[in-house]
file work13.cif (mmCIF, N, CA and C atoms)
data_my_file
loop_
_atom_site.label_atom_id
_atom_site.label_comp_id
_atom_site.auth_asym_id
_atom_site.auth_seq_id
_atom_site.Cartn_x
_atom_site.Cartn_y
_atom_site.Cartn_z
N MET O 235 0.84 -1.18 0.00
CA MET O 235 0.00 0.00 0.00
C MET O 235 0.89 1.25 0.00
N ALA O 236 0.59 2.15 -0.89
CA ALA O 236 1.39 3.37 -1.01
C ALA O 236 0.99 4.38 0.06
N MET O 237 1.97 5.17 0.46
CA MET O 237 1.70 6.23 1.44
C MET O 237 0.96 7.37 0.77
N LYS O 238 0.13 8.03 1.53
CA LYS O 238 -0.53 9.23 1.01
C LYS O 238 0.51 10.33 0.85
N PHE O 239 0.20 11.28 0.00
CA PHE O 239 1.13 12.35 -0.32
C PHE O 239 1.49 13.18 0.91
N LYS O 240 0.48 13.52 1.72
CA LYS O 240 0.75 14.33 2.91
C LYS O 240 1.62 13.57 3.91
N THR O 241 1.42 12.26 4.01
CA THR O 241 2.26 11.44 4.91
C THR O 241 3.70 11.43 4.43
N ARG O 242 3.88 11.26 3.11
CA ARG O 242 5.24 11.28 2.56
C ARG O 242 5.91 12.63 2.79
N LYS O 243 5.14 13.70 2.62
CA LYS O 243 5.69 15.04 2.79
C LYS O 243 6.12 15.27 4.24
N ARG O 244 5.29 14.84 5.19
CA ARG O 244 5.63 14.99 6.61
C ARG O 244 6.81 14.12 6.99
N LEU O 245 6.85 12.90 6.48
CA LEU O 245 7.97 12.01 6.77
C LEU O 245 9.28 12.56 6.20
N ALA O 246 9.22 13.11 4.99
CA ALA O 246 10.42 13.71 4.39
C ALA O 246 10.91 14.89 5.22
N LEU O 247 9.99 15.69 5.71
CA LEU O 247 10.37 16.82 6.55
C LEU O 247 11.00 16.34 7.86
N ALA O 248 10.44 15.30 8.46
CA ALA O 248 11.00 14.75 9.69
C ALA O 248 12.40 14.18 9.45
N VAL O 249 12.59 13.53 8.32
CA VAL O 249 13.91 12.98 7.99
C VAL O 249 14.92 14.11 7.85
N LEU O 250 14.52 15.19 7.20
CA LEU O 250 15.45 16.31 7.00
C LEU O 250 15.75 17.06 8.30
N LEU O 251 14.75 17.23 9.15
CA LEU O 251 14.94 18.02 10.37
C LEU O 251 15.51 17.23 11.53
N ILE O 252 15.23 15.93 11.58
CA ILE O 252 15.69 15.12 12.71
C ILE O 252 16.72 14.09 12.28
N GLY O 253 16.39 13.32 11.26
CA GLY O 253 17.25 12.22 10.83
C GLY O 253 18.58 12.65 10.26
N LEU O 254 18.58 13.67 9.43
CA LEU O 254 19.82 14.11 8.79
C LEU O 254 20.84 14.66 9.80
N PRO O 255 20.44 15.52 10.74
CA PRO O 255 21.43 15.96 11.74
C PRO O 255 21.98 14.81 12.58
N VAL O 256 21.13 13.85 12.92
CA VAL O 256 21.61 12.67 13.67
C VAL O 256 22.61 11.89 12.83
N TYR O 257 22.31 11.70 11.54
CA TYR O 257 23.21 10.99 10.66
C TYR O 257 24.55 11.72 10.53
N ILE O 258 24.52 13.04 10.45
CA ILE O 258 25.75 13.82 10.34
C ILE O 258 26.62 13.63 11.58
N VAL O 259 26.00 13.69 12.76
CA VAL O 259 26.76 13.51 14.01
C VAL O 259 27.37 12.11 14.06
N VAL O 260 26.59 11.10 13.69
CA VAL O 260 27.10 9.72 13.70
C VAL O 260 28.23 9.55 12.68
N ALA O 261 28.07 10.10 11.48
CA ALA O 261 29.10 9.97 10.45
C ALA O 261 30.40 10.65 10.87
N VAL O 262 30.31 11.85 11.41
CA VAL O 262 31.52 12.57 11.85
C VAL O 262 32.18 11.83 13.02
N THR O 263 31.38 11.31 13.93
CA THR O 263 31.93 10.56 15.06
C THR O 263 32.66 9.31 14.57
N LEU O 264 32.07 8.59 13.63
CA LEU O 264 32.73 7.38 13.10
C LEU O 264 34.01 7.71 12.36
N VAL O 265 34.02 8.77 11.58
CA VAL O 265 35.23 9.16 10.86
C VAL O 265 36.32 9.59 11.85
N ASN O 266 35.93 10.28 12.92
CA ASN O 266 36.92 10.71 13.91
C ASN O 266 37.48 9.54 14.71
N MET O 267 36.73 8.45 14.82
CA MET O 267 37.23 7.28 15.53
C MET O 267 38.31 6.55 14.73
N LEU O 268 38.26 6.68 13.40
CA LEU O 268 39.28 6.10 12.54
C LEU O 268 40.56 6.92 12.67
N GLU O 269 41.66 6.28 12.34
CA GLU O 269 42.90 7.07 12.30
C GLU O 269 42.80 8.05 11.14
N ARG O 270 43.48 9.15 11.28
CA ARG O 270 43.43 10.18 10.24
C ARG O 270 43.94 9.59 8.92
N PRO O 271 43.14 9.72 7.84
CA PRO O 271 43.59 9.21 6.54
C PRO O 271 44.90 9.87 6.12
N PRO O 272 45.69 9.18 5.32
CA PRO O 272 47.02 9.69 4.97
C PRO O 272 46.99 10.97 4.13
N HIS O 273 45.90 11.25 3.49
CA HIS O 273 45.86 12.42 2.61
C HIS O 273 44.51 13.11 2.75
N LEU O 274 44.50 14.39 2.56
CA LEU O 274 43.27 15.18 2.66
C LEU O 274 42.24 14.76 1.62
N VAL O 275 42.69 14.35 0.44
CA VAL O 275 41.79 13.93 -0.63
C VAL O 275 41.02 12.67 -0.22
N VAL O 276 41.68 11.76 0.49
CA VAL O 276 41.02 10.54 0.96
C VAL O 276 39.93 10.90 1.97
N GLU O 277 40.24 11.79 2.88
CA GLU O 277 39.25 12.21 3.87
C GLU O 277 38.07 12.93 3.20
N LEU O 278 38.35 13.77 2.23
CA LEU O 278 37.31 14.46 1.50
C LEU O 278 36.41 13.46 0.76
N ALA O 279 37.01 12.47 0.12
CA ALA O 279 36.24 11.44 -0.59
C ALA O 279 35.37 10.65 0.38
N LEU O 280 35.87 10.39 1.58
CA LEU O 280 35.10 9.68 2.60
C LEU O 280 33.88 10.49 3.02
N TYR O 281 34.06 11.77 3.26
CA TYR O 281 32.93 12.63 3.64
C TYR O 281 31.92 12.78 2.50
N ILE O 282 32.39 12.88 1.27
CA ILE O 282 31.48 12.98 0.13
C ILE O 282 30.68 11.68 -0.02
N GLY O 283 31.36 10.55 0.14
CA GLY O 283 30.67 9.26 0.07
C GLY O 283 29.61 9.12 1.15
N LEU O 284 29.94 9.51 2.37
CA LEU O 284 28.96 9.46 3.45
C LEU O 284 27.83 10.46 3.23
N GLY O 285 28.14 11.58 2.59
CA GLY O 285 27.11 12.57 2.30
C GLY O 285 26.10 12.10 1.27
N VAL O 286 26.52 11.26 0.36
CA VAL O 286 25.61 10.73 -0.66
C VAL O 286 24.90 9.47 -0.14
N LEU O 287 25.55 8.73 0.72
CA LEU O 287 25.04 7.45 1.20
C LEU O 287 23.69 7.56 1.89
N TRP O 288 23.44 8.63 2.63
CA TRP O 288 22.17 8.75 3.36
C TRP O 288 20.99 8.91 2.42
N ALA O 289 21.22 9.51 1.25
CA ALA O 289 20.11 9.82 0.35
C ALA O 289 19.68 8.62 -0.50
N LEU O 290 20.55 7.67 -0.71
CA LEU O 290 20.21 6.55 -1.58
C LEU O 290 18.99 5.74 -1.10
N PRO O 291 18.91 5.34 0.16
CA PRO O 291 17.73 4.58 0.57
C PRO O 291 16.47 5.44 0.65
N LEU O 292 16.61 6.75 0.75
CA LEU O 292 15.46 7.64 0.91
C LEU O 292 15.06 8.33 -0.39
N ARG O 293 15.65 7.91 -1.47
CA ARG O 293 15.41 8.54 -2.78
C ARG O 293 13.92 8.54 -3.14
N ARG O 294 13.23 7.42 -2.95
CA ARG O 294 11.82 7.34 -3.31
C ARG O 294 10.94 8.21 -2.41
N LEU O 295 11.36 8.40 -1.16
CA LEU O 295 10.59 9.24 -0.25
C LEU O 295 10.58 10.68 -0.72
N PHE O 296 11.70 11.18 -1.20
CA PHE O 296 11.82 12.58 -1.61
C PHE O 296 11.35 12.83 -3.04
N LEU O 297 11.13 11.78 -3.81
CA LEU O 297 10.73 11.92 -5.20
C LEU O 297 9.34 12.53 -5.29
N GLY O 298 9.21 13.67 -5.92
CA GLY O 298 7.93 14.30 -6.17
C GLY O 298 7.36 15.10 -5.02
N ILE O 299 8.12 15.36 -3.98
CA ILE O 299 7.62 16.09 -2.82
C ILE O 299 7.32 17.55 -3.17
N ALA O 300 8.04 18.13 -4.09
CA ALA O 300 7.85 19.54 -4.43
C ALA O 300 6.64 19.78 -5.34
N ARG O 301 6.07 18.72 -5.85
CA ARG O 301 4.90 18.86 -6.72
C ARG O 301 3.65 19.14 -5.91
N PRO O 302 2.62 19.69 -6.55
CA PRO O 302 1.34 19.87 -5.85
C PRO O 302 0.73 18.53 -5.47
N ASP O 303 -0.08 18.53 -4.44
CA ASP O 303 -0.72 17.32 -3.93
C ASP O 303 -1.66 16.75 -4.99
N PRO O 304 -1.41 15.53 -5.47
CA PRO O 304 -2.31 14.95 -6.48
C PRO O 304 -3.66 14.55 -5.89
N ASP O 305 -3.76 14.41 -4.58
CA ASP O 305 -5.02 14.03 -3.94
C ASP O 305 -5.90 15.23 -3.65
N ASP O 306 -5.37 16.43 -3.85
CA ASP O 306 -6.13 17.66 -3.56
C ASP O 306 -7.20 17.86 -4.63
N GLU O 307 -8.44 18.08 -4.18
CA GLU O 307 -9.56 18.21 -5.13
C GLU O 307 -9.49 19.48 -5.98
N ASP O 308 -9.10 20.61 -5.35
CA ASP O 308 -9.09 21.87 -6.10
C ASP O 308 -7.86 22.04 -6.97
N GLY O 309 -6.87 21.16 -6.80
CA GLY O 309 -5.68 21.22 -7.63
C GLY O 309 -4.77 22.38 -7.35
N GLY O 310 -5.01 23.08 -6.24
CA GLY O 310 -4.22 24.26 -5.94
C GLY O 310 -2.99 23.99 -5.13
N GLY O 311 -2.71 22.73 -4.82
CA GLY O 311 -1.52 22.41 -4.01
C GLY O 311 -1.83 22.58 -2.54
N GLN O 312 -1.06 23.42 -1.87
CA GLN O 312 -1.23 23.59 -0.43
C GLN O 312 -2.33 24.55 -0.21
#
call {"tool": "encode", "arguments": {"input": "work13.cif", "output": "structure tokens"}}
result
Amino acid sequence: MAMKFKTRKRLALAVLLIGLPVYIVVAVTLVNMLERPPHLVVELALYIGLGVLWALPLRRLFLGIARPDPDDEDGGGQ
């Protein structure tokens, strides 16, 4: 069963406001627990990889969130 549009929109907002900051803290903590990479480029690549990694499983959640609500009768969006 598919989620309603408003539910997806609220869940996406919760992920951005709560989940993403928690993920950032966890990612930085894990990288700091590792020994410092030998080169700045390696560390930069690690942070870029972790920055993209969070979005991959949530890609479908964010897809189409900026569009007007298709369930809205008047078609006016919000």
call {"tool": "atom_distance", "arguments": {"input": "work13.cif", "atom1": "atom C of O:Asn266", "atom2": "atom C of O:Leu250"}}
result
23.9 Å
call {"tool": "residues_around", "arguments": {"input": "work13.cif", "residues": "stretch 256-261 of chain O", "least_positions_apart": "5", "cutoff": "9 Å", "atoms": "only C-alpha atoms", "output": "VMD selection string"}}
result
chain O and resid 266 281 284 to 285 288
call {"tool": "select_by_dssp", "arguments": {"input": "work13.cif", "residues": "chain O", "states": "alpha helix (DSSP H)", "output": "number ranges by chain"}}
result
O: 239-248, 254-267, 274-287, 293-296
call {"tool": "write_last_selection", "arguments": {"input": "work13.cif", "atoms": "N, CA and C atoms", "output": "compact mmCIF listing (two decimals), keeping the file's coordinate frame"}}
result
# COMPACT_ATOMS: atom_id res chain seq x y z
N PHE O 239 0.20 11.28 0.00
CA PHE O 239 1.13 12.35 -0.32
C PHE O 239 1.49 13.18 0.91
N LYS O 240 0.48 13.52 1.72
CA LYS O 240 0.75 14.33 2.91
C LYS O 240 1.62 13.57 3.91
N THR O 241 1.42 12.26 4.01
CA THR O 241 2.26 11.44 4.91
C THR O 241 3.70 11.43 4.43
N ARG O 242 3.88 11.26 3.11
CA ARG O 242 5.24 11.28 2.56
C ARG O 242 5.91 12.63 2.79
N LYS O 243 5.14 13.70 2.62
CA LYS O 243 5.69 15.04 2.79
C LYS O 243 6.12 15.27 4.24
N ARG O 244 5.29 14.84 5.19
CA ARG O 244 5.63 14.99 6.61
C ARG O 244 6.81 14.12 6.99
N LEU O 245 6.85 12.90 6.48
CA LEU O 245 7.97 12.01 6.77
C LEU O 245 9.28 12.56 6.20
N ALA O 246 9.22 13.11 4.99
CA ALA O 246 10.42 13.71 4.39
C ALA O 246 10.91 14.89 5.22
N LEU O 247 9.99 15.69 5.71
CA LEU O 247 10.37 16.82 6.55
C LEU O 247 11.00 16.34 7.86
N ALA O 248 10.44 15.30 8.46
CA ALA O 248 11.00 14.75 9.69
C ALA O 248 12.40 14.18 9.45
N LEU O 254 18.58 13.67 9.43
CA LEU O 254 19.82 14.11 8.79
C LEU O 254 20.84 14.66 9.80
N PRO O 255 20.44 15.52 10.74
CA PRO O 255 21.43 15.96 11.74
C PRO O 255 21.98 14.81 12.58
N VAL O 256 21.13 13.85 12.92
CA VAL O 256 21.61 12.67 13.67
C VAL O 256 22.61 11.89 12.83
N TYR O 257 22.31 11.70 11.54
CA TYR O 257 23.21 10.99 10.66
C TYR O 257 24.55 11.72 10.53
N ILE O 258 24.52 13.04 10.45
CA ILE O 258 25.75 13.82 10.34
C ILE O 258 26.62 13.63 11.58
N VAL O 259 26.00 13.69 12.76
CA VAL O 259 26.76 13.51 14.01
C VAL O 259 27.37 12.11 14.06
N VAL O 260 26.59 11.10 13.69
CA VAL O 260 27.10 9.72 13.70
C VAL O 260 28.23 9.55 12.68
N ALA O 261 28.07 10.10 11.48
CA ALA O 261 29.10 9.97 10.45
C ALA O 261 30.40 10.65 10.87
N VAL O 262 30.31 11.85 11.41
CA VAL O 262 31.52 12.57 11.85
C VAL O 262 32.18 11.83 13.02
N THR O 263 31.38 11.31 13.93
CA THR O 263 31.93 10.56 15.06
C THR O 263 32.66 9.31 14.57
N LEU O 264 32.07 8.59 13.63
CA LEU O 264 32.73 7.38 13.10
C LEU O 264 34.01 7.71 12.36
N VAL O 265 34.02 8.77 11.58
CA VAL O 265 35.23 9.16 10.86
C VAL O 265 36.32 9.59 11.85
N ASN O 266 35.93 10.28 12.92
CA ASN O 266 36.92 10.71 13.91
C ASN O 266 37.48 9.54 14.71
N MET O 267 36.73 8.45 14.82
CA MET O 267 37.23 7.28 15.53
C MET O 267 38.31 6.55 14.73
N LEU O 274 44.50 14.39 2.56
CA LEU O 274 43.27 15.18 2.66
C LEU O 274 42.24 14.76 1.62
N VAL O 275 42.69 14.35 0.44
CA VAL O 275 41.79 13.93 -0.63
C VAL O 275 41.02 12.67 -0.22
N VAL O 276 41.68 11.76 0.49
CA VAL O 276 41.02 10.54 0.96
C VAL O 276 39.93 10.90 1.97
N GLU O 277 40.24 11.79 2.88
CA GLU O 277 39.25 12.21 3.87
C GLU O 277 38.07 12.93 3.20
N LEU O 278 38.35 13.77 2.23
CA LEU O 278 37.31 14.46 1.50
C LEU O 278 36.41 13.46 0.76
N ALA O 279 37.01 12.47 0.12
CA ALA O 279 36.24 11.44 -0.59
C ALA O 279 35.37 10.65 0.38
N LEU O 280 35.87 10.39 1.58
CA LEU O 280 35.10 9.68 2.60
C LEU O 280 33.88 10.49 3.02
N TYR O 281 34.06 11.77 3.26
CA TYR O 281 32.93 12.63 3.64
C TYR O 281 31.92 12.78 2.50
N ILE O 282 32.39 12.88 1.27
CA ILE O 282 31.48 12.98 0.13
C ILE O 282 30.68 11.68 -0.02
N GLY O 283 31.36 10.55 0.14
CA GLY O 283 30.67 9.26 0.07
C GLY O 283 29.61 9.12 1.15
N LEU O 284 29.94 9.51 2.37
CA LEU O 284 28.96 9.46 3.45
C LEU O 284 27.83 10.46 3.23
N GLY O 285 28.14 11.58 2.59
CA GLY O 285 27.11 12.57 2.30
C GLY O 285 26.10 12.10 1.27
N VAL O 286 26.52 11.26 0.36
CA VAL O 286 25.61 10.73 -0.66
C VAL O 286 24.90 9.47 -0.14
N LEU O 287 25.55 8.73 0.72
CA LEU O 287 25.04 7.45 1.20
C LEU O 287 23.69 7.56 1.89
N ARG O 293 15.65 7.91 -1.47
CA ARG O 293 15.41 8.54 -2.78
C ARG O 293 13.92 8.54 -3.14
N ARG O 294 13.23 7.42 -2.95
CA ARG O 294 11.82 7.34 -3.31
C ARG O 294 10.94 8.21 -2.41
N LEU O 295 11.36 8.40 -1.16
CA LEU O 295 10.59 9.24 -0.25
C LEU O 295 10.58 10.68 -0.72
N PHE O 296 11.70 11.18 -1.20
CA PHE O 296 11.82 12.58 -1.61
C PHE O 296 11.35 12.83 -3.04
call {"tool": "atom_distance", "arguments": {"input": "work13.cif", "atom1": "atom N of O:Met237", "atom2": "atom CA of O:Gly283"}}
result
29.0 Å
call {"tool": "atom_distance", "arguments": {"input": "work13.cif", "atom1": "atom N of O:Arg242", "atom2": "atom C of O:Ala300"}}
result
12.3 Å
call {"tool": "resolve_selection", "arguments": {"input": "work13.cif", "expression": "the PyMOL selection byres (((chain O and resi 294 and name CA) around 12) and name CA)", "output": "PDB file with N, CA and C atoms, in the frame of the given file"}}
result
ATOM      1  N   ALA O 236       0.590   2.150  -0.890  1.00  0.00           N
ATOM      2  CA  ALA O 236       1.390   3.370  -1.010  1.00  0.00           C
ATOM      3  C   ALA O 236       0.990   4.380   0.060  1.00  0.00           C
ATOM      4  N   MET O 237       1.970   5.170   0.460  1.00  0.00           N
ATOM      5  CA  MET O 237       1.700   6.230   1.440  1.00  0.00           C
ATOM      6  C   MET O 237       0.960   7.370   0.770  1.00  0.00           C
ATOM      7  N   ARG O 242       3.880  11.260   3.110  1.00  0.00           N
ATOM      8  CA  ARG O 242       5.240  11.280   2.560  1.00  0.00           C
ATOM      9  C   ARG O 242       5.910  12.630   2.790  1.00  0.00           C
ATOM     10  N   LYS O 243       5.140  13.700   2.620  1.00  0.00           N
ATOM     11  CA  LYS O 243       5.690  15.040   2.790  1.00  0.00           C
ATOM     12  C   LYS O 243       6.120  15.270   4.240  1.00  0.00           C
ATOM     13  N   LEU O 245       6.850  12.900   6.480  1.00  0.00           N
ATOM     14  CA  LEU O 245       7.970  12.010   6.770  1.00  0.00           C
ATOM     15  C   LEU O 245       9.280  12.560   6.200  1.00  0.00           C
ATOM     16  N   ALA O 246       9.220  13.110   4.990  1.00  0.00           N
ATOM     17  CA  ALA O 246      10.420  13.710   4.390  1.00  0.00           C
ATOM     18  C   ALA O 246      10.910  14.890   5.220  1.00  0.00           C
ATOM     19  N   ALA O 289      21.220   9.510   1.250  1.00  0.00           N
ATOM     20  CA  ALA O 289      20.110   9.820   0.350  1.00  0.00           C
ATOM     21  C   ALA O 289      19.680   8.620  -0.500  1.00  0.00           C
ATOM     22  N   LEU O 290      20.550   7.670  -0.710  1.00  0.00           N
ATOM     23  CA  LEU O 290      20.210   6.550  -1.580  1.00  0.00           C
ATOM     24  C   LEU O 290      18.990   5.740  -1.100  1.00  0.00           C
ATOM     25  N   PRO O 291      18.910   5.340   0.160  1.00  0.00           N
ATOM     26  CA  PRO O 291      17.730   4.580   0.570  1.00  0.00           C
ATOM     27  C   PRO O 291      16.470   5.440   0.650  1.00  0.00           C
ATOM     28  N   LEU O 292      16.610   6.750   0.750  1.00  0.00           N
ATOM     29  CA  LEU O 292      15.460   7.640   0.910  1.00  0.00           C
ATOM     30  C   LEU O 292      15.060   8.330  -0.390  1.00  0.00           C
ATOM     31  N   ARG O 293      15.650   7.910  -1.470  1.00  0.00           N
ATOM     32  CA  ARG O 293      15.410   8.540  -2.780  1.00  0.00           C
ATOM     33  C   ARG O 293      13.920   8.540  -3.140  1.00  0.00           C
ATOM     34  N   LEU O 295      11.360   8.400  -1.160  1.00  0.00           N
ATOM     35  CA  LEU O 295      10.590   9.240  -0.250  1.00  0.00           C
ATOM     36  C   LEU O 295      10.580  10.680  -0.720  1.00  0.00           C
ATOM     37  N   PHE O 296      11.700  11.180  -1.200  1.00  0.00           N
ATOM     38  CA  PHE O 296      11.820  12.580  -1.610  1.00  0.00           C
ATOM     39  C   PHE O 296      11.350  12.830  -3.040  1.00  0.00           C
ATOM     40  N   LEU O 297      11.130  11.780  -3.810  1.00  0.00           N
ATOM     41  CA  LEU O 297      10.730  11.920  -5.200  1.00  0.00           C
ATOM     42  C   LEU O 297       9.340  12.530  -5.290  1.00  0.00           C
ATOM     43  N   GLY O 298       9.210  13.670  -5.920  1.00  0.00           N
ATOM     44  CA  GLY O 298       7.930  14.300  -6.170  1.00  0.00           C
ATOM     45  C   GLY O 298       7.360  15.100  -5.020  1.00  0.00           C
ATOM     46  N   ILE O 299       8.120  15.360  -3.980  1.00  0.00           N
ATOM     47  CA  ILE O 299       7.620  16.090  -2.820  1.00  0.00           C
ATOM     48  C   ILE O 299       7.320  17.550  -3.170  1.00  0.00           C
TER      49      ILE O 299
END
call {"tool": "decode", "arguments": {"input": "work13.cif", "residues": "stretch 252-271 of chain O", "atoms": "N, CA and C atoms", "output": "CSV table (one decimal), in the first residue's frame"}}
result
chain,number,residue,atom,x,y,z
O,252,ILE,N,15.2,15.9,11.6
O,252,ILE,CA,15.7,15.1,12.7
O,252,ILE,C,16.7,14.1,12.3
O,253,GLY,N,16.4,13.3,11.3
O,253,GLY,CA,17.3,12.2,10.8
O,253,GLY,C,18.6,12.6,10.3
O,254,LEU,N,18.6,13.7,9.4
O,254,LEU,CA,19.8,14.1,8.8
O,254,LEU,C,20.8,14.7,9.8
O,255,PRO,N,20.4,15.5,10.7
O,255,PRO,CA,21.4,16.0,11.7
O,255,PRO,C,22.0,14.8,12.6
O,256,VAL,N,21.1,13.8,12.9
O,256,VAL,CA,21.6,12.7,13.7
O,256,VAL,C,22.6,11.9,12.8
O,257,TYR,N,22.3,11.7,11.5
O,257,TYR,CA,23.2,11.0,10.7
O,257,TYR,C,24.5,11.7,10.5
O,258,ILE,N,24.5,13.0,10.5
O,258,ILE,CA,25.8,13.8,10.3
O,258,ILE,C,26.6,13.6,11.6
O,259,VAL,N,26.0,13.7,12.8
O,259,VAL,CA,26.8,13.5,14.0
O,259,VAL,C,27.4,12.1,14.1
O,260,VAL,N,26.6,11.1,13.7
O,260,VAL,CA,27.1,9.7,13.7
O,260,VAL,C,28.2,9.6,12.7
O,261,ALA,N,28.1,10.1,11.5
O,261,ALA,CA,29.1,10.0,10.4
O,261,ALA,C,30.4,10.6,10.9
O,262,VAL,N,30.3,11.9,11.4
O,262,VAL,CA,31.5,12.6,11.8
O,262,VAL,C,32.2,11.8,13.0
O,263,THR,N,31.4,11.3,13.9
O,263,THR,CA,31.9,10.6,15.1
O,263,THR,C,32.7,9.3,14.6
O,264,LEU,N,32.1,8.6,13.6
O,264,LEU,CA,32.7,7.4,13.1
O,264,LEU,C,34.0,7.7,12.4
O,265,VAL,N,34.0,8.8,11.6
O,265,VAL,CA,35.2,9.2,10.9
O,265,VAL,C,36.3,9.6,11.8
O,266,ASN,N,35.9,10.3,12.9
O,266,ASN,CA,36.9,10.7,13.9
O,266,ASN,C,37.5,9.5,14.7
O,267,MET,N,36.7,8.5,14.8
O,267,MET,CA,37.2,7.3,15.5
O,267,MET,C,38.3,6.6,14.7
O,268,LEU,N,38.3,6.7,13.4
O,268,LEU,CA,39.3,6.1,12.5
O,268,LEU,C,40.6,6.9,12.7
O,269,GLU,N,41.7,6.3,12.3
O,269,GLU,CA,42.9,7.1,12.3
O,269,GLU,C,42.8,8.1,11.1
O,270,ARG,N,43.5,9.2,11.3
O,270,ARG,CA,43.4,10.2,10.2
O,270,ARG,C,43.9,9.6,8.9
O,271,PRO,N,43.1,9.7,7.8
O,271,PRO,CA,43.6,9.2,6.5
O,271,PRO,C,44.9,9.9,6.1
